$ cat upload.pdb   # PDB, C-alpha atoms
ATOM      1  CA  MET A 663      -5.965  16.174  46.644  1.00  0.00           C
ATOM      2  CA  LYS A 664      -2.229  16.654  46.005  1.00  0.00           C
ATOM      3  CA  VAL A 665      -2.004  13.086  44.715  1.00  0.00           C
ATOM      4  CA  LEU A 666      -4.887  13.724  42.333  1.00  0.00           C
ATOM      5  CA  LYS A 667      -3.267  16.930  41.023  1.00  0.00           C
ATOM      6  CA  SER A 668       0.072  15.146  40.628  1.00  0.00           C
ATOM      7  CA  GLY A 669      -1.648  12.335  38.733  1.00  0.00           C
ATOM      8  CA  VAL A 670      -3.390  14.797  36.415  1.00  0.00           C
ATOM      9  CA  ILE A 671      -0.099  16.638  35.772  1.00  0.00           C
ATOM     10  CA  CYS A 672       1.726  13.358  35.028  1.00  0.00           C
ATOM     11  CA  LEU A 673      -1.072  12.227  32.728  1.00  0.00           C
ATOM     12  CA  SER A 674      -1.022  15.573  30.926  1.00  0.00           C
ATOM     13  CA  LEU A 675       2.743  15.357  30.425  1.00  0.00           C
ATOM     14  CA  LEU A 676       2.444  11.792  29.161  1.00  0.00           C
ATOM     15  CA  ILE A 677      -0.279  12.766  26.682  1.00  0.00           C
ATOM     16  CA  ALA A 678       1.780  15.760  25.515  1.00  0.00           C
ATOM     17  CA  GLN A 679       4.806  13.498  24.979  1.00  0.00           C
ATOM     18  CA  TYR A 680       2.778  11.090  22.827  1.00  0.00           C
ATOM     19  CA  SER A 681       1.277  13.995  20.910  1.00  0.00           C
ATOM     20  CA  ILE A 682       4.751  15.350  20.115  1.00  0.00           C
ATOM     21  CA  ALA A 683       5.890  11.855  19.106  1.00  0.00           C
ATOM     22  CA  ASP A 684       2.856  11.519  16.811  1.00  0.00           C
ATOM     23  CA  VAL A 685       3.617  14.851  15.141  1.00  0.00           C
ATOM     24  CA  GLU A 686       7.251  13.836  14.687  1.00  0.00           C
ATOM     25  CA  ALA A 687       6.261  10.413  13.314  1.00  0.00           C
ATOM     26  CA  ASP A 688       3.815  12.064  10.912  1.00  0.00           C
ATOM     27  CA  ARG A 689       6.530  14.458   9.744  1.00  0.00           C
ATOM     28  CA  GLU A 690       9.023  11.604   9.237  1.00  0.00           C
ATOM     29  CA  ALA A 691       6.374   9.482   7.471  1.00  0.00           C
ATOM     30  CA  GLU A 692       5.592  12.345   5.116  1.00  0.00           C
ATOM     31  CA  LYS A 693       9.302  12.773   4.382  1.00  0.00           C
ATOM     32  CA  LEU A 694       9.640   9.034   3.699  1.00  0.00           C
ATOM     33  CA  LEU A 695       6.664   8.895   1.353  1.00  0.00           C
ATOM     34  CA  SER A 696       8.037  11.898  -0.511  1.00  0.00           C
ATOM     35  CA  THR A 697      11.533  10.395  -0.689  1.00  0.00           C
ATOM     36  CA  ILE A 698      10.325   7.086  -2.103  1.00  0.00           C
ATOM     37  CA  GLY A 699       8.108   8.910  -4.602  1.00  0.00           C
ATOM     38  CA  MET A 700       4.870   7.414  -3.355  1.00  0.00           C
ATOM     39  CA  GLU A 701       2.762   9.945  -5.277  1.00  0.00           C
ATOM     40  CA  LYS A 702       4.417   8.955  -8.562  1.00  0.00           C
ATOM     41  CA  VAL A 703       4.095   5.256  -7.689  1.00  0.00           C
ATOM     42  CA  MET A 704       0.409   5.645  -6.850  1.00  0.00           C
ATOM     43  CA  ASN A 705      -0.318   7.550 -10.056  1.00  0.00           C
ATOM     44  CA  LEU A 706       1.526   4.973 -12.141  1.00  0.00           C
ATOM     45  CA  SER A 707      -0.222   2.105 -10.338  1.00  0.00           C
ATOM     46  CA  MET A 708      -3.610   3.724 -10.899  1.00  0.00           C
ATOM     47  CA  SER A 709      -2.885   4.139 -14.605  1.00  0.00           C
ATOM     48  CA  GLN A 710      -1.679   0.534 -14.893  1.00  0.00           C
ATOM     49  CA  MET A 711      -4.711  -0.730 -12.979  1.00  0.00           C
ATOM     50  CA  ILE A 712      -7.065   1.083 -15.360  1.00  0.00           C
ATOM     51  CA  ASP A 713      -5.197  -0.179 -18.443  1.00  0.00           C
ATOM     52  CA  LEU A 714      -5.219  -3.749 -17.110  1.00  0.00           C
ATOM     53  CA  GLN A 715      -8.943  -3.562 -16.358  1.00  0.00           C
ATOM     54  CA  LEU A 716      -9.633  -2.292 -19.874  1.00  0.00           C
ATOM     55  CA  GLN A 717      -7.494  -5.047 -21.400  1.00  0.00           C
ATOM     56  CA  GLN A 718      -9.367  -7.684 -19.422  1.00  0.00           C
ATOM     57  CA  THR A 719     -12.756  -6.138 -20.159  1.00  0.00           C
ATOM     58  CA  PRO A 720     -12.645  -4.409 -23.553  1.00  0.00           C
ATOM     59  CA  ALA A 721     -16.352  -3.556 -23.307  1.00  0.00           C
ATOM     60  CA  LEU A 722     -15.367  -0.936 -20.705  1.00  0.00           C
ATOM     61  CA  ALA A 723     -13.129   0.966 -23.161  1.00  0.00           C
ATOM     62  CA  PRO A 724     -15.799   3.560 -24.041  1.00  0.00           C
ATOM     63  CA  TYR A 725     -16.090   4.335 -20.327  1.00  0.00           C
ATOM     64  CA  LYS A 726     -12.381   5.001 -19.791  1.00  0.00           C
ATOM     65  CA  PRO A 727     -12.939   8.722 -19.041  1.00  0.00           C
ATOM     66  CA  VAL A 728     -15.539   7.826 -16.395  1.00  0.00           C
ATOM     67  CA  ILE A 729     -13.246   5.204 -14.873  1.00  0.00           C
ATOM     68  CA  ILE A 730     -10.367   7.683 -14.784  1.00  0.00           C
ATOM     69  CA  LYS A 731     -12.602  10.278 -13.124  1.00  0.00           C
ATOM     70  CA  PHE A 732     -13.681   7.710 -10.516  1.00  0.00           C
ATOM     71  CA  PHE A 733     -10.103   6.619  -9.796  1.00  0.00           C
ATOM     72  CA  ASN A 734      -8.907  10.221  -9.607  1.00  0.00           C
ATOM     73  CA  LYS A 735     -11.582  10.883  -7.010  1.00  0.00           C
ATOM     74  CA  HIS A 736     -11.140   7.768  -4.864  1.00  0.00           C
ATOM     75  CA  MET A 737      -7.635   6.477  -5.609  1.00  0.00           C
ATOM     76  CA  SER A 738      -5.617   9.644  -6.158  1.00  0.00           C
ATOM     77  CA  TRP A 739      -2.568  10.320  -4.038  1.00  0.00           C
ATOM     78  CA  GLU A 740      -4.241  13.356  -2.483  1.00  0.00           C
ATOM     79  CA  SER A 741      -7.238  11.292  -1.361  1.00  0.00           C
ATOM     80  CA  LEU A 742      -5.095   8.442  -0.001  1.00  0.00           C
ATOM     81  CA  LYS A 743      -2.149  10.383   1.441  1.00  0.00           C
ATOM     82  CA  PRO A 744      -3.616  10.898   4.955  1.00  0.00           C
ATOM     83  CA  GLU A 745      -4.264   7.175   5.292  1.00  0.00           C
ATOM     84  CA  PHE A 746      -0.767   6.280   4.076  1.00  0.00           C
ATOM     85  CA  LEU A 747       0.744   8.729   6.546  1.00  0.00           C
ATOM     86  CA  LYS A 748      -1.300   7.107   9.288  1.00  0.00           C
ATOM     87  CA  ILE A 749      -0.297   3.528   8.487  1.00  0.00           C
ATOM     88  CA  TYR A 750       3.393   4.429   8.264  1.00  0.00           C
ATOM     89  CA  SER A 751       3.396   6.537  11.429  1.00  0.00           C
ATOM     90  CA  GLU A 752       1.551   3.770  13.287  1.00  0.00           C
ATOM     91  CA  ALA A 753       3.783   0.993  11.940  1.00  0.00           C
ATOM     92  CA  PHE A 754       7.046   2.777  12.763  1.00  0.00           C
ATOM     93  CA  SER A 755       8.136   5.072  15.557  1.00  0.00           C
ATOM     94  CA  ALA A 756       9.421   8.544  14.718  1.00  0.00           C
ATOM     95  CA  LYS A 757      12.944   7.281  15.444  1.00  0.00           C
ATOM     96  CA  GLU A 758      12.547   4.309  13.086  1.00  0.00           C
ATOM     97  CA  LEU A 759      11.125   6.512  10.342  1.00  0.00           C
ATOM     98  CA  HIS A 760      14.044   8.886  10.823  1.00  0.00           C
ATOM     99  CA  GLU A 761      16.480   5.964  10.451  1.00  0.00           C
ATOM    100  CA  ILE A 762      14.703   4.772   7.309  1.00  0.00           C
ATOM    101  CA  ASN A 763      14.886   8.296   5.900  1.00  0.00           C
ATOM    102  CA  GLU A 764      18.591   8.422   6.708  1.00  0.00           C
ATOM    103  CA  PHE A 765      19.121   5.154   4.817  1.00  0.00           C
ATOM    104  CA  TYR A 766      17.232   6.416   1.767  1.00  0.00           C
ATOM    105  CA  ALA A 767      19.447   9.518   1.778  1.00  0.00           C
ATOM    106  CA  THR A 768      22.521   7.291   1.251  1.00  0.00           C
ATOM    107  CA  LYS A 769      23.799   6.185  -2.140  1.00  0.00           C
ATOM    108  CA  THR A 770      22.546   2.630  -1.505  1.00  0.00           C
ATOM    109  CA  GLY A 771      19.183   3.913  -0.318  1.00  0.00           C
ATOM    110  CA  LYS A 772      18.750   6.037  -3.426  1.00  0.00           C
ATOM    111  CA  ARG A 773      19.673   3.046  -5.578  1.00  0.00           C
ATOM    112  CA  THR A 774      17.133   0.929  -3.688  1.00  0.00           C
ATOM    113  CA  ILE A 775      14.394   3.447  -4.487  1.00  0.00           C
ATOM    114  CA  GLU A 776      15.503   3.545  -8.108  1.00  0.00           C
ATOM    115  CA  LEU A 777      15.521  -0.246  -8.546  1.00  0.00           C
ATOM    116  CA  MET A 778      12.506  -1.198  -6.422  1.00  0.00           C
ATOM    117  CA  PRO A 779       9.817  -0.714  -9.134  1.00  0.00           C
ATOM    118  CA  SER A 780      11.767  -2.857 -11.587  1.00  0.00           C
ATOM    119  CA  LEU A 781      12.418  -5.542  -8.976  1.00  0.00           C
ATOM    120  CA  MET A 782       8.740  -5.598  -7.996  1.00  0.00           C
ATOM    121  CA  THR A 783       7.734  -5.884 -11.672  1.00  0.00           C
ATOM    122  CA  GLN A 784      10.180  -8.748 -12.180  1.00  0.00           C
ATOM    123  CA  GLY A 785       8.806 -10.453  -9.076  1.00  0.00           C
ATOM    124  CA  ALA A 786       5.241 -10.068 -10.348  1.00  0.00           C
ATOM    125  CA  GLN A 787       6.306 -11.510 -13.707  1.00  0.00           C
ATOM    126  CA  ILE A 788       7.857 -14.519 -11.969  1.00  0.00           C
ATOM    127  CA  GLY A 789       4.614 -15.064 -10.068  1.00  0.00           C
ATOM    128  CA  ALA A 790       2.451 -14.707 -13.180  1.00  0.00           C
ATOM    129  CA  SER A 791       4.731 -17.048 -15.092  1.00  0.00           C
ATOM    130  CA  ARG A 792       4.582 -19.647 -12.328  1.00  0.00           C
ATOM    131  CA  VAL A 793       0.790 -19.518 -12.307  1.00  0.00           C
ATOM    132  CA  GLN A 794       0.672 -19.788 -16.098  1.00  0.00           C
ATOM    133  CA  GLU A 795       3.046 -22.789 -16.077  1.00  0.00           C
ATOM    134  CA  ASN A 796       0.750 -24.571 -13.644  1.00  0.00           C
ATOM    135  CA  ILE A 797      -2.640 -23.289 -14.786  1.00  0.00           C
ATOM    136  CA  GLU A 798      -3.886 -26.751 -15.731  1.00  0.00           C
ATOM    137  CA  GLU A 799      -3.322 -27.937 -12.175  1.00  0.00           C
ATOM    138  CA  LEU A 800      -5.284 -24.955 -10.845  1.00  0.00           C
ATOM    139  CA  GLN A 801      -8.105 -25.603 -13.304  1.00  0.00           C
ATOM    140  CA  ALA A 802      -8.250 -29.270 -12.268  1.00  0.00           C
ATOM    141  CA  MET A 803      -8.325 -28.289  -8.581  1.00  0.00           C
ATOM    142  CA  ILE A 804     -11.146 -25.801  -9.221  1.00  0.00           C
ATOM    143  CA  LYS A 805     -13.094 -28.403 -11.207  1.00  0.00           C
ATOM    144  CA  ALA A 806     -12.687 -30.993  -8.439  1.00  0.00           C
ATOM    145  CA  GLU A 807     -13.791 -28.503  -5.788  1.00  0.00           C
ATOM    146  CA  SER A 808     -16.764 -27.447  -7.895  1.00  0.00           C
ATOM    147  CA  GLU A 809     -17.840 -31.080  -8.255  1.00  0.00           C
ATOM    148  CA  ARG A 810     -17.419 -31.650  -4.533  1.00  0.00           C
ATOM    149  CA  LEU A 811     -19.539 -28.606  -3.707  1.00  0.00           C
ATOM    150  CA  GLN A 812     -22.227 -29.688  -6.188  1.00  0.00           C
ATOM    151  CA  LYS A 813     -22.422 -33.125  -4.543  1.00  0.00           C
ATOM    152  CA  LEU A 814     -22.711 -31.519  -1.116  1.00  0.00           C
ATOM    153  CA  SER A 815     -25.491 -29.192  -2.245  1.00  0.00           C
ATOM    154  CA  LYS A 816     -27.502 -32.151  -3.595  1.00  0.00           C
ATOM    155  CA  GLN A 817     -27.372 -33.965  -0.263  1.00  0.00           C
TER     156      GLN A 817
END
$ encode --input "upload.pdb" --output "structure tokens"
Amino acid sequence: MKVLKSGVICLSLLIAQYSIADVEADREAEKLLSTIGMEKVMNLSMSQMIDLQLQQTPALAPYKPVIIKFFNKHMSWESLKPEFLKIYSEAFSAKELHEINEFYATKTGKRTIELMPSLMTQGAQIGASRVQENIEELQAMIKAESERLQKLSKQ
């Protein structure tokens, strides 16, 4: 019976330790997301996503208010924040999150946060440009695959 009680006490202490670590990781994750301005990034991304969708499908323009309402409901920072906290606190330990937060508090870290959106935009532009430069190759590959699939479906 003593062994069973000791086992239960050890298990309880272990669970309590993980619970404290989870709370600490959540706190550090929340600090990180605040530091990097995730709410602002999400709001800007949502706005850009809507604008891009409307550019690609002009027929949706009259429905912009409805689309915005939908995105505000399902893609707002407030609706996504708990899930972002979870993925960060599961991906990194509380100690790692603390170290990341310490880095972002430095001059270099602050500069990284400042430059990251521009660098990501430039990277996306490079990717889009590369696709555009080689679009004919992609079209030819799609055409060849379409023909191959048509032949297979006729067999």
$ atom_distance --input "upload.pdb" --atom1 "CA of Lys772 (chain A)" --atom2 "CA of Glu758 (chain A)"
17.7 Å
$ resolve_selection --input "upload.pdb" --expression "the PyMOL selection byres ((chain A and resi 741-753) around 7)" --output "list in words"
Ala687, Asp688, Ala691, Glu692, His736, Met737, Ser738, Trp739, Glu740, Phe754 and Ser755 of chain A
$ atom_distance --input "upload.pdb" --atom1 "CA of Ile762 (chain A)" --atom2 "CA of Ala786 (chain A)"
24.9 Å
$ resolve_selection --input "upload.pdb" --expression "the PyMOL selection byres ((chain A and resi 700-717) around 9)" --output "PDB file with C-alpha atoms, keeping the file's coordinate frame"
ATOM      1  CA  LEU A 694       9.640   9.034   3.699  1.00  0.00           C
ATOM      2  CA  LEU A 695       6.664   8.895   1.353  1.00  0.00           C
ATOM      3  CA  SER A 696       8.037  11.898  -0.511  1.00  0.00           C
ATOM      4  CA  THR A 697      11.533  10.395  -0.689  1.00  0.00           C
ATOM      5  CA  ILE A 698      10.325   7.086  -2.103  1.00  0.00           C
ATOM      6  CA  GLY A 699       8.108   8.910  -4.602  1.00  0.00           C
ATOM      7  CA  GLN A 718      -9.367  -7.684 -19.422  1.00  0.00           C
ATOM      8  CA  THR A 719     -12.756  -6.138 -20.159  1.00  0.00           C
ATOM      9  CA  PRO A 720     -12.645  -4.409 -23.553  1.00  0.00           C
ATOM     10  CA  ALA A 721     -16.352  -3.556 -23.307  1.00  0.00           C
ATOM     11  CA  LEU A 722     -15.367  -0.936 -20.705  1.00  0.00           C
ATOM     12  CA  ALA A 723     -13.129   0.966 -23.161  1.00  0.00           C
ATOM     13  CA  LYS A 726     -12.381   5.001 -19.791  1.00  0.00           C
ATOM     14  CA  ILE A 729     -13.246   5.204 -14.873  1.00  0.00           C
ATOM     15  CA  ILE A 730     -10.367   7.683 -14.784  1.00  0.00           C
ATOM     16  CA  PHE A 733     -10.103   6.619  -9.796  1.00  0.00           C
ATOM     17  CA  ASN A 734      -8.907  10.221  -9.607  1.00  0.00           C
ATOM     18  CA  MET A 737      -7.635   6.477  -5.609  1.00  0.00           C
ATOM     19  CA  SER A 738      -5.617   9.644  -6.158  1.00  0.00           C
ATOM     20  CA  TRP A 739      -2.568  10.320  -4.038  1.00  0.00           C
ATOM     21  CA  GLU A 740      -4.241  13.356  -2.483  1.00  0.00           C
ATOM     22  CA  LYS A 743      -2.149  10.383   1.441  1.00  0.00           C
ATOM     23  CA  PRO A 779       9.817  -0.714  -9.134  1.00  0.00           C
TER      24      PRO A 779
END
$ atom_distance --input "upload.pdb" --atom1 "CA of Ala806 (chain A)" --atom2 "CA of Arg792 (chain A)"
21.0 Å
$ closest_residue --input "upload.pdb" --among "A:Lys769, A:Lys757, A:Lys805, A:Arg810" --to "Arg689 (chain A)" --atoms "all atoms listed in the file"
A:Lys757
